[in-house]
Structures are given as structure tokens and as C-alpha cells.
file entry.tsv (TSV, C-alpha atoms)
chain	number	residue	atom	x	y	z
A	29	MET	CA	29.10	-29.15	17.52
A	30	THR	CA	28.96	-31.75	14.77
A	31	LYS	CA	28.58	-30.23	11.33
A	32	VAL	CA	25.65	-31.70	9.40
A	33	VAL	CA	26.50	-32.48	5.81
A	34	SER	CA	23.55	-32.42	3.44
A	35	LYS	CA	23.04	-35.61	1.52
A	36	ARG	CA	23.63	-35.18	-2.18
A	37	ILE	CA	20.69	-35.32	-4.58
A	38	ARG	CA	20.94	-37.09	-7.90
A	39	TRP	CA	20.45	-34.81	-10.85
A	40	ARG	CA	17.56	-36.90	-12.23
A	41	ASP	CA	15.68	-36.56	-8.93
A	42	ALA	CA	16.38	-32.84	-8.89
A	43	LEU	CA	15.10	-32.48	-12.45
A	44	VAL	CA	11.87	-34.34	-11.66
A	45	ALA	CA	11.32	-32.25	-8.52
A	46	GLN	CA	11.95	-29.01	-10.43
A	47	VAL	CA	9.54	-29.84	-13.23
A	48	LEU	CA	6.83	-30.95	-10.80
A	49	SER	CA	7.17	-27.70	-8.84
A	50	GLU	CA	6.51	-25.54	-11.93
A	51	ARG	CA	3.39	-24.98	-13.96
A	52	GLN	CA	3.99	-26.47	-17.38
A	53	PRO	CA	2.18	-26.01	-20.72
A	54	PRO	CA	0.11	-28.98	-21.95
A	55	VAL	CA	2.80	-29.93	-24.47
A	56	VAL	CA	6.56	-29.45	-24.22
A	57	SER	CA	9.31	-30.11	-26.73
A	58	SER	CA	12.77	-31.65	-26.73
A	59	TYR	CA	14.17	-28.11	-26.65
A	60	TRP	CA	12.24	-27.43	-23.44
A	61	LEU	CA	13.76	-30.56	-21.90
A	62	ALA	CA	17.25	-29.78	-23.20
A	63	LEU	CA	17.00	-26.31	-21.67
A	64	LYS	CA	15.99	-27.77	-18.29
A	65	VAL	CA	18.89	-30.22	-18.37
A	66	PHE	CA	21.42	-27.62	-19.45
A	67	GLN	CA	20.33	-25.09	-16.82
A	68	LEU	CA	20.50	-27.76	-14.14
A	69	THR	CA	24.14	-28.47	-15.01
A	70	GLN	CA	24.97	-24.85	-14.22
A	71	LEU	CA	24.02	-25.39	-10.56
A	72	SER	CA	26.06	-26.89	-7.75
A	73	HIS	CA	23.14	-27.24	-5.31
A	74	PHE	CA	19.43	-27.92	-5.57
A	75	ASP	CA	17.01	-27.14	-2.75
A	76	GLY	CA	19.95	-26.70	-0.39
A	77	ARG	CA	21.53	-30.04	-1.25
A	78	PRO	CA	24.69	-30.69	-3.31
A	79	LEU	CA	23.91	-31.89	-6.82
A	80	GLN	CA	25.32	-35.21	-7.95
A	81	MET	CA	26.08	-34.54	-11.62
A	82	PRO	CA	27.71	-36.72	-14.30
A	83	GLU	CA	31.33	-35.82	-14.95
A	84	ARG	CA	30.85	-35.61	-18.71
A	85	GLY	CA	28.53	-32.60	-18.57
A	86	PRO	CA	25.38	-31.98	-20.66
A	87	ASP	CA	25.23	-34.12	-23.80
A	88	GLN	CA	22.83	-36.30	-25.78
A	89	ARG	CA	23.25	-39.19	-23.36
A	90	MET	CA	22.26	-37.02	-20.40
A	91	PHE	CA	19.32	-35.68	-22.39
A	92	THR	CA	18.11	-39.23	-23.13
A	93	GLU	CA	18.45	-40.20	-19.47
A	94	ALA	CA	16.48	-37.12	-18.46
A	95	ARG	CA	13.71	-37.87	-20.95
A	96	ASN	CA	13.48	-41.49	-19.82
A	97	ALA	CA	13.39	-40.47	-16.14
A	98	LEU	CA	10.56	-37.98	-16.66
A	99	ILE	CA	8.55	-40.45	-18.76
A	100	SER	CA	9.05	-43.38	-16.39
A	101	ARG	CA	7.91	-41.26	-13.43
A	102	GLY	CA	4.80	-40.09	-15.23
A	103	VAL	CA	5.88	-36.46	-15.52
A	104	LEU	CA	5.96	-36.52	-19.32
A	105	HIS	CA	3.84	-38.65	-21.65
A	106	GLN	CA	4.52	-39.68	-25.22
A	107	SER	CA	1.33	-39.66	-27.25
A	108	LYS	CA	0.45	-41.68	-30.34
A	109	GLY	CA	0.06	-39.39	-33.31
A	110	LEU	CA	2.21	-36.66	-31.77
A	111	HIS	CA	5.74	-36.01	-33.01
A	112	PRO	CA	8.26	-38.05	-30.93
A	113	SER	CA	10.05	-34.82	-29.96
A	114	LEU	CA	6.87	-33.53	-28.30
A	115	TYR	CA	5.61	-34.64	-24.89
A	116	ARG	CA	2.37	-34.08	-23.05
A	117	THR	CA	2.49	-33.00	-19.41
A	118	SER	CA	-0.96	-34.45	-18.69
A	119	ASN	CA	-3.11	-37.30	-19.91
A	120	GLU	CA	-6.23	-35.17	-19.45
A	121	PRO	CA	-8.06	-33.98	-22.61
A	122	GLN	CA	-6.83	-30.59	-23.81
A	123	ASP	CA	-8.16	-27.95	-26.17
A	124	ALA	CA	-6.54	-28.31	-29.61
A	125	ALA	CA	-5.98	-24.55	-29.90
A	126	GLU	CA	-4.09	-24.44	-26.60
A	127	LEU	CA	-2.06	-27.47	-27.62
A	128	MET	CA	-1.01	-25.76	-30.84
A	129	CYS	CA	-0.07	-22.57	-29.00
A	130	ALA	CA	2.13	-24.67	-26.70
A	131	ILE	CA	3.76	-26.47	-29.64
A	132	ASP	CA	4.41	-23.33	-31.69
A	133	PRO	CA	5.45	-20.39	-29.46
A	134	PHE	CA	5.12	-17.90	-32.33
A	135	GLY	CA	1.78	-19.02	-33.80
A	136	TYR	CA	-1.79	-18.03	-33.04
A	137	VAL	CA	-5.40	-18.96	-33.78
A	138	ALA	CA	-7.04	-16.98	-36.59
A	139	TYR	CA	-9.73	-16.77	-39.31
A	140	LEU	CA	-12.93	-18.79	-38.68
A	141	SER	CA	-11.43	-20.28	-35.51
A	142	ALA	CA	-10.81	-16.77	-34.14
A	143	MET	CA	-14.31	-15.69	-35.22
A	144	ALA	CA	-15.73	-18.55	-33.18
A	145	TYR	CA	-13.59	-17.61	-30.17
A	146	HIS	CA	-14.81	-13.99	-30.30
A	147	GLY	CA	-18.44	-15.07	-30.66
A	148	LEU	CA	-18.76	-13.61	-34.15
A	149	THR	CA	-20.06	-16.78	-35.80
A	150	ASN	CA	-22.29	-19.68	-34.88
A	151	ARG	CA	-20.45	-21.94	-37.29
A	152	LEU	CA	-18.29	-24.56	-35.65
A	153	PRO	CA	-15.02	-24.81	-37.62
A	154	LYS	CA	-14.24	-28.32	-38.83
A	155	VAL	CA	-10.56	-27.44	-38.74
A	156	LEU	CA	-8.38	-25.26	-36.54
A	157	TYR	CA	-6.94	-22.34	-38.48
A	158	PHE	CA	-3.51	-21.57	-37.09
A	159	VAL	CA	-1.12	-18.88	-38.34
A	160	SER	CA	2.63	-19.31	-37.98
A	161	PRO	CA	5.59	-17.24	-39.27
A	162	ASN	CA	7.13	-18.43	-42.53
A	163	PRO	CA	10.25	-20.64	-42.23
A	164	HIS	CA	12.78	-17.80	-42.49
A	165	LEU	CA	11.03	-15.61	-39.91
A	166	TRP	CA	10.33	-18.57	-37.63
A	167	LYS	CA	14.04	-19.47	-37.61
A	168	ASP	CA	14.99	-15.90	-36.70
A	169	LEU	CA	12.41	-15.79	-33.90
A	170	ALA	CA	13.59	-19.16	-32.58
A	171	GLN	CA	17.20	-17.99	-32.38
A	172	GLU	CA	16.06	-14.80	-30.67
A	173	ARG	CA	14.06	-16.84	-28.15
A	174	MET	CA	16.96	-19.21	-27.41
A	175	ARG	CA	19.33	-16.29	-26.87
A	176	LYS	CA	16.82	-14.80	-24.46
A	177	ASP	CA	16.41	-18.13	-22.64
A	178	LEU	CA	20.14	-18.77	-22.34
A	179	GLY	CA	21.74	-15.33	-22.19
A	180	SER	CA	25.53	-15.51	-22.13
A	181	LEU	CA	25.35	-19.33	-22.11
A	182	TYR	CA	23.83	-19.51	-25.61
A	183	GLY	CA	27.15	-20.43	-27.25
A	184	ASP	CA	27.84	-23.15	-24.67
A	185	PHE	CA	24.38	-24.62	-25.24
A	186	VAL	CA	24.82	-24.71	-29.03
A	187	PHE	CA	28.20	-26.42	-28.55
A	188	THR	CA	26.53	-29.31	-26.67
A	189	ARG	CA	24.40	-30.15	-29.74
A	190	LEU	CA	21.35	-30.60	-27.53
A	191	PRO	CA	17.97	-30.19	-29.29
A	192	ARG	CA	17.18	-26.63	-30.32
A	193	LEU	CA	13.89	-24.83	-30.70
A	194	ARG	CA	12.28	-25.99	-33.94
A	195	HIS	CA	9.03	-25.85	-35.88
A	196	PHE	CA	6.76	-28.89	-36.11
A	197	ASN	CA	4.36	-29.59	-38.96
A	198	ILE	CA	1.17	-30.68	-37.23
A	199	GLU	CA	-1.61	-31.96	-39.50
A	200	LYS	CA	-3.95	-33.29	-36.83
A	201	ILE	CA	-4.06	-33.28	-33.05
A	202	ASP	CA	-6.59	-35.16	-30.92
A	203	GLY	CA	-8.73	-35.68	-33.99
A	204	VAL	CA	-8.77	-31.99	-34.95
A	205	VAL	CA	-7.39	-31.15	-38.41
A	206	ILE	CA	-4.89	-28.30	-38.31
A	207	GLU	CA	-4.82	-25.85	-41.21
A	208	GLU	CA	-1.56	-23.97	-40.83
A	209	ILE	CA	-1.07	-20.68	-42.69
A	210	ARG	CA	2.55	-19.54	-42.91
A	211	THR	CA	3.09	-15.79	-43.24
A	212	LYS	CA	5.85	-13.19	-43.28
A	213	GLU	CA	3.61	-10.68	-41.51
A	214	ARG	CA	3.69	-10.17	-37.74
A	215	ARG	CA	0.05	-9.34	-37.15
A	216	GLY	CA	-1.15	-8.57	-33.63
A	217	TRP	CA	-2.72	-11.23	-31.41
A	218	ARG	CA	-4.04	-11.24	-27.87
A	219	SER	CA	-3.34	-13.62	-25.01
A	220	ALA	CA	-6.25	-15.51	-23.44
A	221	ASN	CA	-7.01	-18.36	-21.03
A	222	ASP	CA	-4.26	-17.32	-18.59
A	223	GLY	CA	-1.72	-17.16	-21.40
A	224	ALA	CA	-2.46	-20.65	-22.75
A	225	LEU	CA	-4.07	-19.32	-25.93
A	226	ARG	CA	-3.04	-16.76	-28.53
A	227	VAL	CA	-5.72	-15.49	-30.89
A	228	THR	CA	-6.08	-12.56	-33.28
A	229	GLY	CA	-7.61	-9.50	-31.68
A	230	ILE	CA	-11.11	-8.48	-32.69
A	231	GLY	CA	-10.00	-5.80	-35.20
A	232	ASN	CA	-7.52	-8.05	-36.96
A	233	THR	CA	-10.10	-10.84	-37.04
A	234	PHE	CA	-12.41	-8.55	-39.07
A	235	LEU	CA	-9.49	-7.62	-41.32
A	236	ASP	CA	-8.73	-11.31	-41.88
A	237	MET	CA	-12.33	-11.79	-43.03
A	238	LEU	CA	-11.78	-9.23	-45.79
A	239	GLN	CA	-8.52	-10.79	-46.94
A	240	ARG	CA	-9.39	-14.50	-46.68
A	241	ALA	CA	-13.16	-14.77	-46.79
A	242	ASP	CA	-12.71	-18.32	-48.10
A	243	ILE	CA	-11.49	-19.53	-44.69
A	244	CYS	CA	-13.87	-17.31	-42.75
A	245	GLY	CA	-17.11	-18.93	-43.91
A	246	GLY	CA	-17.29	-17.24	-47.31
A	247	MET	CA	-17.94	-13.61	-48.20
A	248	ARG	CA	-21.71	-13.85	-47.72
A	249	HIS	CA	-21.13	-15.05	-44.17
A	250	VAL	CA	-18.51	-12.33	-43.65
A	251	ILE	CA	-21.03	-9.68	-44.66
A	252	ASP	CA	-23.58	-11.18	-42.25
A	253	VAL	CA	-21.01	-10.97	-39.46
A	254	PHE	CA	-20.23	-7.36	-40.31
A	255	GLU	CA	-23.93	-6.48	-40.33
A	256	GLU	CA	-24.44	-8.02	-36.90
A	257	HIS	CA	-21.23	-7.06	-35.08
A	258	ALA	CA	-19.27	-4.34	-36.90
A	259	ARG	CA	-20.94	-1.33	-35.27
A	260	LEU	CA	-19.99	-2.58	-31.79
A	261	HIS	CA	-16.35	-3.10	-32.83
A	262	LEU	CA	-16.00	-0.21	-35.29
A	263	SER	CA	-13.07	1.46	-33.52
A	264	SER	CA	-11.04	-1.77	-33.47
A	265	ILE	CA	-11.88	-2.48	-37.12
A	266	VAL	CA	-10.80	0.99	-38.27
A	267	THR	CA	-7.55	0.74	-36.29
A	268	ALA	CA	-6.70	-2.69	-37.73
A	269	VAL	CA	-7.52	-1.67	-41.31
A	270	ASN	CA	-5.50	1.54	-41.01
A	271	THR	CA	-2.55	-0.26	-39.40
A	272	HIS	CA	-2.35	-3.48	-41.38
A	273	GLY	CA	-4.76	-3.16	-44.29
A	274	SER	CA	-3.94	-2.50	-47.93
A	275	VAL	CA	-5.86	-0.14	-50.20
A	276	ILE	CA	-8.13	-2.95	-51.41
A	277	ASP	CA	-8.81	-3.94	-47.79
A	278	LYS	CA	-9.96	-0.36	-47.16
A	279	MET	CA	-12.21	-0.50	-50.22
A	280	ARG	CA	-13.84	-3.74	-49.10
A	281	ALA	CA	-14.21	-2.56	-45.52
A	282	GLY	CA	-15.57	0.82	-46.59
A	283	TYR	CA	-18.13	-0.66	-48.96
A	284	ILE	CA	-19.42	-3.22	-46.42
A	285	LEU	CA	-19.50	-0.79	-43.49
A	286	GLU	CA	-21.28	1.88	-45.49
A	287	THR	CA	-23.61	-0.18	-47.67
A	288	HIS	CA	-24.42	-3.20	-45.51
A	289	CYS	CA	-23.97	-1.79	-42.01
A	290	GLY	CA	-25.27	1.73	-42.61
A	291	ILE	CA	-22.27	3.22	-40.84
A	292	ASP	CA	-21.57	6.89	-41.54
A	293	SER	CA	-18.07	7.55	-40.25
A	294	PRO	CA	-15.55	10.22	-41.36
A	295	GLU	CA	-12.71	7.74	-40.81
A	296	VAL	CA	-14.35	5.15	-43.04
A	297	ASP	CA	-15.42	7.71	-45.65
A	298	ALA	CA	-11.81	8.95	-45.88
A	299	TRP	CA	-10.77	5.60	-47.36
A	300	ALA	CA	-12.79	6.37	-50.50
A	301	ALA	CA	-10.20	8.98	-51.49
A	302	LEU	CA	-7.77	6.09	-52.06
A	303	ALA	CA	-10.05	4.40	-54.59
A	304	SER	CA	-8.86	4.16	-58.17
A	305	ARG	CA	-10.50	2.72	-61.25
A	306	GLY	CA	-9.02	-0.06	-63.30
A	307	GLY	CA	-7.65	-3.45	-62.51
A	308	SER	CA	-9.75	-6.34	-61.22
A	309	ARG	CA	-10.48	-5.36	-57.63
A	310	LYS	CA	-13.28	-7.48	-56.22
A	311	LEU	CA	-15.31	-7.49	-53.04
A	312	ASP	CA	-14.77	-11.23	-52.69
A	313	PRO	CA	-11.07	-11.84	-53.42
A	314	GLN	CA	-11.70	-15.51	-54.22
A	315	GLY	CA	-14.88	-14.98	-56.29
A	316	GLU	CA	-15.39	-14.45	-60.01
A	317	TYR	CA	-15.39	-10.90	-61.35
A	318	SER	CA	-18.86	-9.30	-61.71
A	319	SER	CA	-20.00	-6.40	-63.85
A	320	GLU	CA	-21.88	-4.93	-60.88
A	321	PHE	CA	-19.61	-2.16	-59.67
A	322	SER	CA	-19.35	0.39	-56.84
A	323	SER	CA	-18.24	3.68	-58.35
A	324	LYS	CA	-17.37	5.15	-54.94
A	325	TRP	CA	-15.26	2.21	-53.76
A	326	CYS	CA	-14.09	1.06	-57.20
A	327	ILE	CA	-14.67	-2.64	-56.64
A	328	SER	CA	-16.64	-5.33	-58.37
A	329	ILE	CA	-19.60	-6.37	-56.22
A	330	ASN	CA	-19.19	-10.09	-56.93
A	331	VAL	CA	-21.28	-11.44	-54.04

call {"tool": "encode", "arguments": {"input": "entry.tsv", "output": "C-alpha cells"}}
result
Amino acid sequence: MTKVVSKRIRWRDALVAQVLSERQPPVVSSYWLALKVFQLTQLSHFDGRPLQMPERGPDQRMFTEARNALISRGVLHQSKGLHPSLYRTSNEPQDAAELMCAIDPFGYVAYLSAMAYHGLTNRLPKVLYFVSPNPHLWKDLAQERMRKDLGSLYGDFVFTRLPRLRHFNIEKIDGVVIEEIRTKERRGWRSANDGALRVTGIGNTFLDMLQRADICGGMRHVIDVFEEHARLHLSSIVTAVNTHGSVIDKMRAGYILETHCGIDSPEVDAWAALASRGGSRKLDPQGEYSSEFSSKWCISINV
């Protein structure tokens, strides 16, 4: 019997076939492509056929050839206004929030944008508020992610000098202005839209209103939102404030829940024991100090 020898497949064709067979996010980075190229070089066969690989191994030249092959075959698209190290996987219109979540794997939608997502406000944000770890934390998370992606091959990948996972400063995408807030905190978020979107959970969204009313529609709007929705989400609010809130956050939450929402809760009332006179604690952190004062919650009622 004659032995059938499988025809070899060129690595570029294998790469295109692999990418097309997988579900991809709406935007991918040079690191994503470098990872695909590097992982392909660790194989001897693809889809049952021997791989025809360059003798030199993974390097910048191979990366460039891979990028050009995927662009020329319409798998990746370079977009005007997008960083040259970022590529779209579709020419179809995409939601700006999902695009940002694809670009920054550690960031999430928050503040007024999260309020709109949760149906807490009828105001349409003119900008997308997006929270991302500060540079030091982002770098640590990126290294952790690369080590997870590459396992024991992490050192070999770094040696190739192929593009690594990096942060991109995005000011506008598809006409939407991006307001990025860098933080050292690792606040909880929830996954939505089949994993394409990350957004603060309902409790943390209420907590964000207390801390940054200025980017949540203003304190008057925040109070309106509490009056309309807080009772329904009280358990989540209390959990978020207890877990991530400071003493002043508890004072603000307690005052609004009790005075404006008419909520009588032992958990909320317990926060009053933390109140202390003195200082310049204000209901609206960005507003001017007012002489009107809550003796129970020890805050200036400056709204």
C-alpha cells in the first residue's frame, strides 16, 4: 500500500485558518498577534498537515509578515484614528464600551456610563467613563497575564523581543470621547454581553456616585437616583459600602438613605456610630462647604 504523505501547509496559511476558526474580540493588539505567531512556532503540524516554518524562528520579521498576511486577507483591519498597534477584526460598527474592554483587558466601564448601563439614569453620557489600573498595577497585571498565557515558554517569548502586552492611551474611539480614570484600587466589576463588556456591579456603581458625584451627573442627580432606585438595590449598596467604602462614604450613604429614601435599616443606622465631628466632611465632595449640618451623620449638607 502506498503511503500518503500530507502536503505541507505554509505557516501564514495556518495562521489565517486558525484565526478565522476562533471567535475574536472586536479589537486585538500586536501582543495578541505576537502570541498567535509564537504559539504557532511551537507546533510541528496544523490540522493534520506538516507545518512549513521559517528556519529563523519567531522574530520581528515573522511578526511583520504575519500582520501583513492577516491584513491583506481581510482578517484584520487597520483603522484611522486607532493606534497602529491595534487592529479591528470587523469593519462593522461596534459599541465603544466593548471596544475599550477589548483594548484594555483590565479596565471596565464605570460612573455615569455604568449608571446608564444599569438603567439608573436617563442621561446619555457624552463621554465614556472607563476605569483602568494605574501604570504600576497595570504593568504587574500585564506580566501576570503574559505568564498565564505562555506558561513555561514565557522566558522564550520575552527573548524573541516580540510585542508584549501594553496599555494604550485612547482619547476617542469611533467619535466617542474616552475619559479614563486610573486607579490603584481593584474594585469589583461584572461581565456582560457574553463577556464582551465589563462594568461595575450595581452596588459599586452606587458607591462610585458617592465618591465622584461630579462624573455621575452631579450630587443632586445622584440623590434623585438614590430616591428612585436605592430601596430595590439596598442589599448590594450596603455590601459595597461595607466592603470598599470609607467612613465618609458611609456617612454620605447613611444620610441619603435615611433622609432622602426613608430607609430604616439596622445595617445603615450602624454606620452612624462611626461619625465624628470636626474636619470638612461634605455630602458633595466636590461642592463648597455649607453651614447646614447633619448632627447624626456629621457632614455638611452642601447640596

call {"tool": "residues_around", "arguments": {"input": "entry.tsv", "residues": "A:Pro78", "least_positions_apart": "6", "cutoff": "10 Å", "atoms": "all atoms listed in the file", "output": "PyMOL selection string"}}
result
chain A and resi 33-39+71-72

call {"tool": "closest_residue", "arguments": {"input": "entry.tsv", "among": "A:Ile291, A:Cys244, A:Ile284, A:Leu114", "to": "A:Ala144", "atoms": "only C-alpha atoms"}}
result
A:Cys244

call {"tool": "residues_around", "arguments": {"input": "entry.tsv", "residues": "stretch 120-128 of chain A", "least_positions_apart": "5", "cutoff": "7 Å", "atoms": "only C-alpha atoms", "output": "MDAnalysis selection string"}}
result
chainID A and resid 54:55 137 201:202 204 224:225

call {"tool": "write_last_selection", "arguments": {"input": "entry.tsv", "atoms": "C-alpha atoms", "output": "tab-separated table (two decimals), in the coordinates of the input"}}
result
chain	number	residue	atom	x	y	z
A	54	PRO	CA	0.11	-28.98	-21.95
A	55	VAL	CA	2.80	-29.93	-24.47
A	137	VAL	CA	-5.40	-18.96	-33.78
A	201	ILE	CA	-4.06	-33.28	-33.05
A	202	ASP	CA	-6.59	-35.16	-30.92
A	204	VAL	CA	-8.77	-31.99	-34.95
A	224	ALA	CA	-2.46	-20.65	-22.75
A	225	LEU	CA	-4.07	-19.32	-25.93

call {"tool": "closest_residue", "arguments": {"input": "entry.tsv", "among": "A:Ile230, A:Val155, A:Ala301, A:Leu193", "to": "A:Ser264", "atoms": "only C-alpha atoms"}}
result
A:Ile230

call {"tool": "closest_residue", "arguments": {"input": "entry.tsv", "among": "A:Met279, A:Ala268, A:Ile243, A:Leu178", "to": "A:Gln70", "atoms": "all atoms listed in the file"}}
result
A:Leu178

call {"tool": "build_atoms", "arguments": {"input": "entry.tsv", "residues": "stretch 251-274 of chain A", "atoms": "N, CA, C and O atoms", "output": "CSV table (one decimal), in the coordinates of the input"}}
result
chain,number,residue,atom,x,y,z
A,251,ILE,N,-20.1,-10.8,-44.6
A,251,ILE,CA,-21.0,-9.7,-44.7
A,251,ILE,C,-22.1,-9.8,-43.6
A,251,ILE,O,-22.4,-8.8,-42.9
A,252,ASP,N,-22.6,-11.0,-43.3
A,252,ASP,CA,-23.6,-11.2,-42.2
A,252,ASP,C,-23.0,-10.8,-40.9
A,252,ASP,O,-23.6,-10.2,-40.0
A,253,VAL,N,-21.7,-11.3,-40.7
A,253,VAL,CA,-21.0,-11.0,-39.5
A,253,VAL,C,-20.8,-9.5,-39.3
A,253,VAL,O,-21.0,-8.9,-38.2
A,254,PHE,N,-20.4,-8.8,-40.4
A,254,PHE,CA,-20.2,-7.4,-40.3
A,254,PHE,C,-21.6,-6.7,-39.9
A,254,PHE,O,-21.6,-5.8,-39.1
A,255,GLU,N,-22.6,-7.1,-40.6
A,255,GLU,CA,-23.9,-6.5,-40.3
A,255,GLU,C,-24.3,-6.6,-38.9
A,255,GLU,O,-24.9,-5.7,-38.3
A,256,GLU,N,-24.0,-7.8,-38.3
A,256,GLU,CA,-24.4,-8.0,-36.9
A,256,GLU,C,-23.5,-7.4,-35.8
A,256,GLU,O,-23.9,-7.0,-34.8
A,257,HIS,N,-22.2,-7.4,-36.1
A,257,HIS,CA,-21.2,-7.1,-35.1
A,257,HIS,C,-20.3,-5.8,-35.3
A,257,HIS,O,-19.7,-5.4,-34.4
A,258,ALA,N,-20.3,-5.4,-36.6
A,258,ALA,CA,-19.3,-4.3,-36.9
A,258,ALA,C,-19.5,-3.0,-36.1
A,258,ALA,O,-18.5,-2.4,-35.7
A,259,ARG,N,-20.7,-2.6,-35.9
A,259,ARG,CA,-20.9,-1.3,-35.3
A,259,ARG,C,-20.3,-1.4,-33.9
A,259,ARG,O,-19.8,-0.4,-33.4
A,260,LEU,N,-20.5,-2.5,-33.2
A,260,LEU,CA,-20.0,-2.6,-31.8
A,260,LEU,C,-18.5,-2.5,-31.8
A,260,LEU,O,-17.9,-2.0,-30.8
A,261,HIS,N,-17.8,-3.0,-32.8
A,261,HIS,CA,-16.4,-3.1,-32.8
A,261,HIS,C,-15.7,-2.1,-33.8
A,261,HIS,O,-14.6,-2.4,-34.3
A,262,LEU,N,-16.4,-1.1,-34.2
A,262,LEU,CA,-16.0,-0.2,-35.3
A,262,LEU,C,-14.6,0.4,-35.0
A,262,LEU,O,-13.8,0.4,-35.9
A,263,SER,N,-14.4,0.8,-33.8
A,263,SER,CA,-13.1,1.5,-33.5
A,263,SER,C,-11.9,0.5,-33.7
A,263,SER,O,-10.9,0.8,-34.3
A,264,SER,N,-12.1,-0.8,-33.3
A,264,SER,CA,-11.0,-1.8,-33.5
A,264,SER,C,-10.9,-2.1,-34.9
A,264,SER,O,-9.7,-2.4,-35.4
A,265,ILE,N,-12.0,-2.2,-35.7
A,265,ILE,CA,-11.9,-2.5,-37.1
A,265,ILE,C,-11.1,-1.4,-37.9
A,265,ILE,O,-10.2,-1.7,-38.7
A,266,VAL,N,-11.5,-0.1,-37.6
A,266,VAL,CA,-10.8,1.0,-38.3
A,266,VAL,C,-9.3,1.0,-37.9
A,266,VAL,O,-8.5,1.2,-38.8
A,267,THR,N,-9.0,0.8,-36.7
A,267,THR,CA,-7.6,0.7,-36.3
A,267,THR,C,-6.8,-0.4,-37.0
A,267,THR,O,-5.7,-0.1,-37.5
A,268,ALA,N,-7.4,-1.6,-37.1
A,268,ALA,CA,-6.7,-2.7,-37.7
A,268,ALA,C,-6.5,-2.4,-39.2
A,268,ALA,O,-5.5,-2.7,-39.8
A,269,VAL,N,-7.6,-1.9,-39.9
A,269,VAL,CA,-7.5,-1.7,-41.3
A,269,VAL,C,-6.5,-0.6,-41.6
A,269,VAL,O,-5.7,-0.7,-42.6
A,270,ASN,N,-6.5,0.5,-40.8
A,270,ASN,CA,-5.5,1.5,-41.0
A,270,ASN,C,-4.1,1.1,-40.8
A,270,ASN,O,-3.1,1.5,-41.4
A,271,THR,N,-3.9,0.2,-39.8
A,271,THR,CA,-2.6,-0.3,-39.4
A,271,THR,C,-2.0,-1.3,-40.3
A,271,THR,O,-0.8,-1.3,-40.7
A,272,HIS,N,-2.8,-2.3,-40.6
A,272,HIS,CA,-2.4,-3.5,-41.4
A,272,HIS,C,-3.0,-3.7,-42.8
A,272,HIS,O,-2.5,-4.5,-43.5
A,273,GLY,N,-4.0,-2.9,-43.1
A,273,GLY,CA,-4.8,-3.2,-44.3
A,273,GLY,C,-4.2,-2.5,-45.5
A,273,GLY,O,-3.5,-1.4,-45.4
A,274,SER,N,-4.4,-3.1,-46.7
A,274,SER,CA,-3.9,-2.5,-47.9
A,274,SER,C,-5.1,-1.6,-48.5
A,274,SER,O,-6.1,-1.5,-47.9
